[in-house]
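Novice: Dropping a structure here in structure tokens format, bear with me for questions.
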Amino acid sequence: MKLTYAAGAALVSGGSGGIGAAVVSALAEAGLPTCFTYRSRAESAQRVVTEHKGKAALKAYQWGGATAQEASDLAARVTAEVGPIRYLICCSGIAQETAFHSLSEERWLELIRTNLTGTIALSRAVVTPMMKSGFGRIIFTGSVSGLRGIKGHSVYAATKAALQGFTRALGQECSGFGVTVNCVAPGFIETPMLEGMPERSREDLTKRIPAGRLGRPAEVASLIAYLASEQAAYIT
């Protein structure tokens with residue numbers, strides 16, 4: 001089955017590495033004009049742009065905002081420079097590897113701001129134009145942590161669980177306007193977020209995974225590319 005896509009631009013938050021970079025690659029390969037954000041990894045962002053030069057309009061934006069105004073300003077720039085945003089894929093996220101009793105207030109607020117508030121702000125910035133146009137795809141990257149909880153991931157798990165509730169409610173609000181809202185909740189994926197994991201912990205983790213290995217970013221991106229396609233119009 002060949003996937004097809006409606007006209008419009010895609011905006012991927014957190015697209016300079018890991019799952020986000022794989023999503024940017026998949027959408028660019030499909031020919032969608034694709035923009036992505038990065039917080040500080042300018043070299044990685046430029047590498048993503050260079051790798052896909054000539055395949056589709058591709059542009060990187062440095063952005064680490066979380067307020068409604070910051071998200072609105074970003075959406076306005078993308079719309080003016082690339083085209084109306086009809087695809088929003090939120091992959092921005094930071095990890096928590098600290099027990100809750102020793103987690104600082106600064107860190108837990110940063111987790112909520114990055115993993116949840118920024119995603120809600122971006123959704124708010126694009127959802128009305130999508131509904132008015134009669135087409136849109138909003139896709140979030142959740143986590144298995146938000147489904148069953150994982151030791152040491154307390155606030156991280158809370159942000160992902162909240163994102164799943166947001167998905168269910170927003171999907172119902174948008175479904176009558178041709179806009180689907182979905183959340184993909186991967187297990188453990190081979191990304192920079194896991195690079196600091198001790199080898200023993202990695203081995204113990206792998207034993208609990210049915211496939212016997214960590215997932216690959218491209219495997220998650222393939223699912224997201226399907227959910228963004230016209231063929232997934234009934235999934236929300």
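We label chains A, B, ... in the order they appear in the structure tokens, count residues from 1 in each chain, and number ligands from 1 in the order shown.
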Considering only C-alpha atoms, return as a PDB file with N, CA and C atoms, in the first residue's frame whatever protein or nucleic-acid residues lie within 12 Å of stretch 24-29 of chain A, sequence-local ones (same chain, fewer than 3 positions apart) excluded.
Specialist:
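Final output, saved to around_13.pdb:
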ATOM      1  N   LEU A   3       1.348   5.056   0.769  1.00  0.00           N
ATOM      2  CA  LEU A   3       0.748   6.084   1.602  1.00  0.00           C
ATOM      3  C   LEU A   3       0.684   7.398   0.834  1.00  0.00           C
ATOM      4  N   THR A   4      -0.419   8.123   1.015  1.00  0.00           N
ATOM      5  CA  THR A   4      -0.579   9.425   0.368  1.00  0.00           C
ATOM      6  C   THR A   4      -0.835  10.480   1.437  1.00  0.00           C
ATOM      7  N   TYR A   5      -0.496  11.721   1.092  1.00  0.00           N
ATOM      8  CA  TYR A   5      -0.584  12.810   2.059  1.00  0.00           C
ATOM      9  C   TYR A   5      -1.256  14.021   1.425  1.00  0.00           C
ATOM     10  N   GLY A   8       0.190  20.412   2.468  1.00  0.00           N
ATOM     11  CA  GLY A   8       0.417  21.133   3.713  1.00  0.00           C
ATOM     12  C   GLY A   8       1.797  20.843   4.248  1.00  0.00           C
ATOM     13  N   ALA A   9       2.209  21.609   5.240  1.00  0.00           N
ATOM     14  CA  ALA A   9       3.529  21.445   5.836  1.00  0.00           C
ATOM     15  C   ALA A   9       3.435  20.641   7.124  1.00  0.00           C
ATOM     16  N   ALA A  10       4.524  19.956   7.443  1.00  0.00           N
ATOM     17  CA  ALA A  10       4.626  19.214   8.699  1.00  0.00           C
ATOM     18  C   ALA A  10       5.566  19.952   9.639  1.00  0.00           C
ATOM     19  N   LEU A  11       5.202  19.985  10.915  1.00  0.00           N
ATOM     20  CA  LEU A  11       6.059  20.551  11.948  1.00  0.00           C
ATOM     21  C   LEU A  11       6.345  19.458  12.966  1.00  0.00           C
ATOM     22  N   VAL A  12       7.630  19.144  13.137  1.00  0.00           N
ATOM     23  CA  VAL A  12       8.063  18.111  14.072  1.00  0.00           C
ATOM     24  C   VAL A  12       8.845  18.788  15.187  1.00  0.00           C
ATOM     25  N   SER A  13       8.364  18.694  16.411  1.00  0.00           N
ATOM     26  CA  SER A  13       9.133  19.260  17.518  1.00  0.00           C
ATOM     27  C   SER A  13      10.149  18.231  17.995  1.00  0.00           C
ATOM     28  N   GLY A  14      11.355  18.697  18.299  1.00  0.00           N
ATOM     29  CA  GLY A  14      12.407  17.783  18.733  1.00  0.00           C
ATOM     30  C   GLY A  14      12.889  16.889  17.608  1.00  0.00           C
ATOM     31  N   GLY A  15      13.190  17.488  16.461  1.00  0.00           N
ATOM     32  CA  GLY A  15      13.532  16.691  15.282  1.00  0.00           C
ATOM     33  C   GLY A  15      15.000  16.550  14.978  1.00  0.00           C
ATOM     34  N   SER A  16      15.870  16.925  15.897  1.00  0.00           N
ATOM     35  CA  SER A  16      17.304  16.872  15.600  1.00  0.00           C
ATOM     36  C   SER A  16      17.963  15.545  15.942  1.00  0.00           C
ATOM     37  N   GLY A  17      17.251  14.670  16.638  1.00  0.00           N
ATOM     38  CA  GLY A  17      17.840  13.381  16.999  1.00  0.00           C
ATOM     39  C   GLY A  17      16.793  12.386  17.449  1.00  0.00           C
ATOM     40  N   GLY A  18      17.198  11.120  17.601  1.00  0.00           N
ATOM     41  CA  GLY A  18      16.307  10.092  18.111  1.00  0.00           C
ATOM     42  C   GLY A  18      15.081   9.868  17.243  1.00  0.00           C
ATOM     43  N   ILE A  19      13.944   9.681  17.889  1.00  0.00           N
ATOM     44  CA  ILE A  19      12.696   9.417  17.173  1.00  0.00           C
ATOM     45  C   ILE A  19      12.326  10.600  16.288  1.00  0.00           C
ATOM     46  N   GLY A  20      12.531  11.815  16.783  1.00  0.00           N
ATOM     47  CA  GLY A  20      12.179  12.995  16.008  1.00  0.00           C
ATOM     48  C   GLY A  20      12.899  13.065  14.680  1.00  0.00           C
ATOM     49  N   ALA A  21      14.204  12.789  14.675  1.00  0.00           N
ATOM     50  CA  ALA A  21      14.972  12.819  13.427  1.00  0.00           C
ATOM     51  C   ALA A  21      14.489  11.744  12.468  1.00  0.00           C
ATOM     52  N   LEU A  32       6.802  15.443   1.889  1.00  0.00           N
ATOM     53  CA  LEU A  32       6.106  16.500   2.606  1.00  0.00           C
ATOM     54  C   LEU A  32       7.072  17.638   2.964  1.00  0.00           C
ATOM     55  N   PRO A  33       6.695  18.883   2.729  1.00  0.00           N
ATOM     56  CA  PRO A  33       7.496  19.995   3.251  1.00  0.00           C
ATOM     57  C   PRO A  33       7.546  19.859   4.770  1.00  0.00           C
ATOM     58  N   THR A  34       8.720  19.763   5.338  1.00  0.00           N
ATOM     59  CA  THR A  34       8.862  19.425   6.750  1.00  0.00           C
ATOM     60  C   THR A  34       9.744  20.417   7.484  1.00  0.00           C
ATOM     61  N   CYS A  35       9.240  20.918   8.600  1.00  0.00           N
ATOM     62  CA  CYS A  35      10.005  21.784   9.482  1.00  0.00           C
ATOM     63  C   CYS A  35      10.172  21.062  10.816  1.00  0.00           C
ATOM     64  N   PHE A  36      11.265  21.342  11.492  1.00  0.00           N
ATOM     65  CA  PHE A  36      11.443  20.722  12.798  1.00  0.00           C
ATOM     66  C   PHE A  36      12.156  21.673  13.735  1.00  0.00           C
ATOM     67  N   THR A  37      11.942  21.466  15.027  1.00  0.00           N
ATOM     68  CA  THR A  37      12.571  22.309  16.034  1.00  0.00           C
ATOM     69  C   THR A  37      13.698  21.557  16.728  1.00  0.00           C
ATOM     70  N   ALA A  45      20.981  19.305  14.051  1.00  0.00           N
ATOM     71  CA  ALA A  45      19.886  19.808  13.221  1.00  0.00           C
ATOM     72  C   ALA A  45      20.361  20.040  11.790  1.00  0.00           C
ATOM     73  N   ARG A  47      22.800  18.559  10.320  1.00  0.00           N
ATOM     74  CA  ARG A  47      23.075  17.260   9.713  1.00  0.00           C
ATOM     75  C   ARG A  47      21.796  16.651   9.148  1.00  0.00           C
ATOM     76  N   VAL A  48      20.694  16.793   9.885  1.00  0.00           N
ATOM     77  CA  VAL A  48      19.406  16.273   9.406  1.00  0.00           C
ATOM     78  C   VAL A  48      19.002  16.982   8.119  1.00  0.00           C
ATOM     79  N   VAL A  49      19.158  18.295   8.088  1.00  0.00           N
ATOM     80  CA  VAL A  49      18.812  19.058   6.885  1.00  0.00           C
ATOM     81  C   VAL A  49      19.676  18.631   5.702  1.00  0.00           C
ATOM     82  N   THR A  50      20.973  18.480   5.941  1.00  0.00           N
ATOM     83  CA  THR A  50      21.912  18.111   4.872  1.00  0.00           C
ATOM     84  C   THR A  50      21.616  16.729   4.309  1.00  0.00           C
ATOM     85  N   GLU A  51      21.278  15.791   5.197  1.00  0.00           N
ATOM     86  CA  GLU A  51      21.023  14.416   4.764  1.00  0.00           C
ATOM     87  C   GLU A  51      19.845  14.310   3.803  1.00  0.00           C
ATOM     88  N   HIS A  52      18.906  15.238   3.914  1.00  0.00           N
ATOM     89  CA  HIS A  52      17.689  15.150   3.096  1.00  0.00           C
ATOM     90  C   HIS A  52      17.578  16.295   2.101  1.00  0.00           C
ATOM     91  N   LYS A  53      18.661  16.927   1.824  1.00  0.00           N
ATOM     92  CA  LYS A  53      18.649  18.044   0.882  1.00  0.00           C
ATOM     93  C   LYS A  53      18.182  17.568  -0.486  1.00  0.00           C
ATOM     94  N   GLY A  54      17.211  18.279  -1.049  1.00  0.00           N
ATOM     95  CA  GLY A  54      16.706  17.947  -2.371  1.00  0.00           C
ATOM     96  C   GLY A  54      15.518  17.012  -2.375  1.00  0.00           C
ATOM     97  N   LYS A  55      15.198  16.383  -1.233  1.00  0.00           N
ATOM     98  CA  LYS A  55      14.080  15.435  -1.200  1.00  0.00           C
ATOM     99  C   LYS A  55      12.749  16.130  -0.951  1.00  0.00           C
ATOM    100  N   ALA A  56      12.770  17.191  -0.142  1.00  0.00           N
ATOM    101  CA  ALA A  56      11.563  17.952   0.163  1.00  0.00           C
ATOM    102  C   ALA A  56      12.007  19.241   0.828  1.00  0.00           C
ATOM    103  N   ALA A  57      11.120  20.229   0.852  1.00  0.00           N
ATOM    104  CA  ALA A  57      11.432  21.455   1.586  1.00  0.00           C
ATOM    105  C   ALA A  57      11.657  21.084   3.047  1.00  0.00           C
ATOM    106  N   LEU A  58      12.815  21.444   3.570  1.00  0.00           N
ATOM    107  CA  LEU A  58      13.186  21.033   4.924  1.00  0.00           C
ATOM    108  C   LEU A  58      13.856  22.206   5.623  1.00  0.00           C
ATOM    109  N   LYS A  59      13.353  22.551   6.814  1.00  0.00           N
ATOM    110  CA  LYS A  59      13.889  23.707   7.518  1.00  0.00           C
ATOM    111  C   LYS A  59      13.894  23.459   9.015  1.00  0.00           C
ATOM    112  N   ALA A  60      14.970  23.895   9.681  1.00  0.00           N
ATOM    113  CA  ALA A  60      15.108  23.723  11.126  1.00  0.00           C
ATOM    114  C   ALA A  60      14.911  25.055  11.837  1.00  0.00           C
ATOM    115  N   TYR A  87       0.251  19.087   9.638  1.00  0.00           N
ATOM    116  CA  TYR A  87       0.768  17.929  10.371  1.00  0.00           C
ATOM    117  C   TYR A  87       1.599  18.436  11.541  1.00  0.00           C
ATOM    118  N   LEU A  88       1.241  18.054  12.738  1.00  0.00           N
ATOM    119  CA  LEU A  88       2.039  18.373  13.922  1.00  0.00           C
ATOM    120  C   LEU A  88       2.439  17.070  14.593  1.00  0.00           C
ATOM    121  N   ILE A  89       3.727  16.842  14.703  1.00  0.00           N
ATOM    122  CA  ILE A  89       4.235  15.643  15.378  1.00  0.00           C
ATOM    123  C   ILE A  89       5.148  16.106  16.501  1.00  0.00           C
ATOM    124  N   CYS A  90       4.760  15.852  17.728  1.00  0.00           N
ATOM    125  CA  CYS A  90       5.516  16.333  18.889  1.00  0.00           C
ATOM    126  C   CYS A  90       6.400  15.225  19.449  1.00  0.00           C
ATOM    127  N   CYS A  91       7.706  15.399  19.287  1.00  0.00           N
ATOM    128  CA  CYS A  91       8.677  14.411  19.761  1.00  0.00           C
ATOM    129  C   CYS A  91       9.606  14.982  20.826  1.00  0.00           C
ATOM    130  N   PRO A 217      14.483   3.863  16.220  1.00  0.00           N
ATOM    131  CA  PRO A 217      13.703   5.065  15.917  1.00  0.00           C
ATOM    132  C   PRO A 217      12.911   4.952  14.614  1.00  0.00           C
ATOM    133  N   ALA A 218      13.489   4.341  13.590  1.00  0.00           N
ATOM    134  CA  ALA A 218      12.811   4.223  12.299  1.00  0.00           C
ATOM    135  C   ALA A 218      11.541   3.387  12.403  1.00  0.00           C
ATOM    136  N   GLU A 219      11.512   2.446  13.347  1.00  0.00           N
ATOM    137  CA  GLU A 219      10.326   1.609  13.511  1.00  0.00           C
ATOM    138  C   GLU A 219       9.158   2.421  14.087  1.00  0.00           C
ATOM    139  N   VAL A 220       9.473   3.341  14.976  1.00  0.00           N
ATOM    140  CA  VAL A 220       8.435   4.228  15.508  1.00  0.00           C
ATOM    141  C   VAL A 220       8.006   5.222  14.436  1.00  0.00           C
ATOM    142  N   ALA A 221       8.977   5.742  13.697  1.00  0.00           N
ATOM    143  CA  ALA A 221       8.686   6.727  12.652  1.00  0.00           C
ATOM    144  C   ALA A 221       7.776   6.151  11.574  1.00  0.00           C
ATOM    145  N   SER A 222       7.921   4.876  11.273  1.00  0.00           N
ATOM    146  CA  SER A 222       7.065   4.248  10.257  1.00  0.00           C
ATOM    147  C   SER A 222       5.601   4.264  10.678  1.00  0.00           C
ATOM    148  N   LEU A 223       5.354   4.023  11.953  1.00  0.00           N
ATOM    149  CA  LEU A 223       3.985   4.069  12.459  1.00  0.00           C
ATOM    150  C   LEU A 223       3.444   5.497  12.413  1.00  0.00           C
ATOM    151  N   ILE A 224       4.265   6.448  12.810  1.00  0.00           N
ATOM    152  CA  ILE A 224       3.840   7.843  12.788  1.00  0.00           C
ATOM    153  C   ILE A 224       3.559   8.294  11.358  1.00  0.00           C
ATOM    154  N   ALA A 225       4.397   7.872  10.412  1.00  0.00           N
ATOM    155  CA  ALA A 225       4.171   8.233   9.007  1.00  0.00           C
ATOM    156  C   ALA A 225       2.835   7.685   8.521  1.00  0.00           C
ATOM    157  N   TYR A 226       2.466   6.489   8.976  1.00  0.00           N
ATOM    158  CA  TYR A 226       1.164   5.937   8.605  1.00  0.00           C
ATOM    159  C   TYR A 226       0.022   6.754   9.213  1.00  0.00           C
ATOM    160  N   LEU A 227       0.131   7.079  10.501  1.00  0.00           N
ATOM    161  CA  LEU A 227      -0.921   7.840  11.167  1.00  0.00           C
ATOM    162  C   LEU A 227      -1.101   9.227  10.554  1.00  0.00           C
ATOM    163  N   ALA A 228      -0.045   9.747   9.933  1.00  0.00           N
ATOM    164  CA  ALA A 228      -0.129  11.057   9.283  1.00  0.00           C
ATOM    165  C   ALA A 228      -0.748  10.975   7.897  1.00  0.00           C
ATOM    166  N   SER A 229      -0.839   9.799   7.347  1.00  0.00           N
ATOM    167  CA  SER A 229      -1.282   9.642   5.961  1.00  0.00           C
ATOM    168  C   SER A 229      -2.800   9.751   5.817  1.00  0.00           C
TER     169      SER A 229
END
Novice: Can you list every residue in stretch 142-236 of chain A that DSSP puts in strand (DSSP E or B), as a PyMOL selection string?
Specialist: chain A and resi 179-184+189+215
Novice: Assign secondary structure with DSSP using the backbone only, and return the residues of stretch 17-206 of chain A in helix (DSSP H, G or I) as a ChimeraX atom specification.
Specialist: /A:18-29,42-51,68-81,100-102,105-133,145-148,154-177,192-194,199-206
Novice: Need the shell around stretch 153-160 of chain A: protein/DNA/RNA residues with any atom at most 6 Å away, counting only C-alpha atoms. Skip same-chain ones fewer than 3 positions apart. Format as a ChimeraX atom specification?
Specialist: /A:96,116,142,145-146,149-150,163
Novice: For stretch 205-216 of chain A, work out the shell of residues within 8 Å, counting only C-alpha atoms and skipping chain neighbours fewer than 3 positions away, then give it as a list of chain:residue names.
Specialist: A:Gly187, A:Phe188, A:Ile189, A:Glu190, A:Thr191, A:Ser201, A:Arg202, A:Glu219, A:Val220
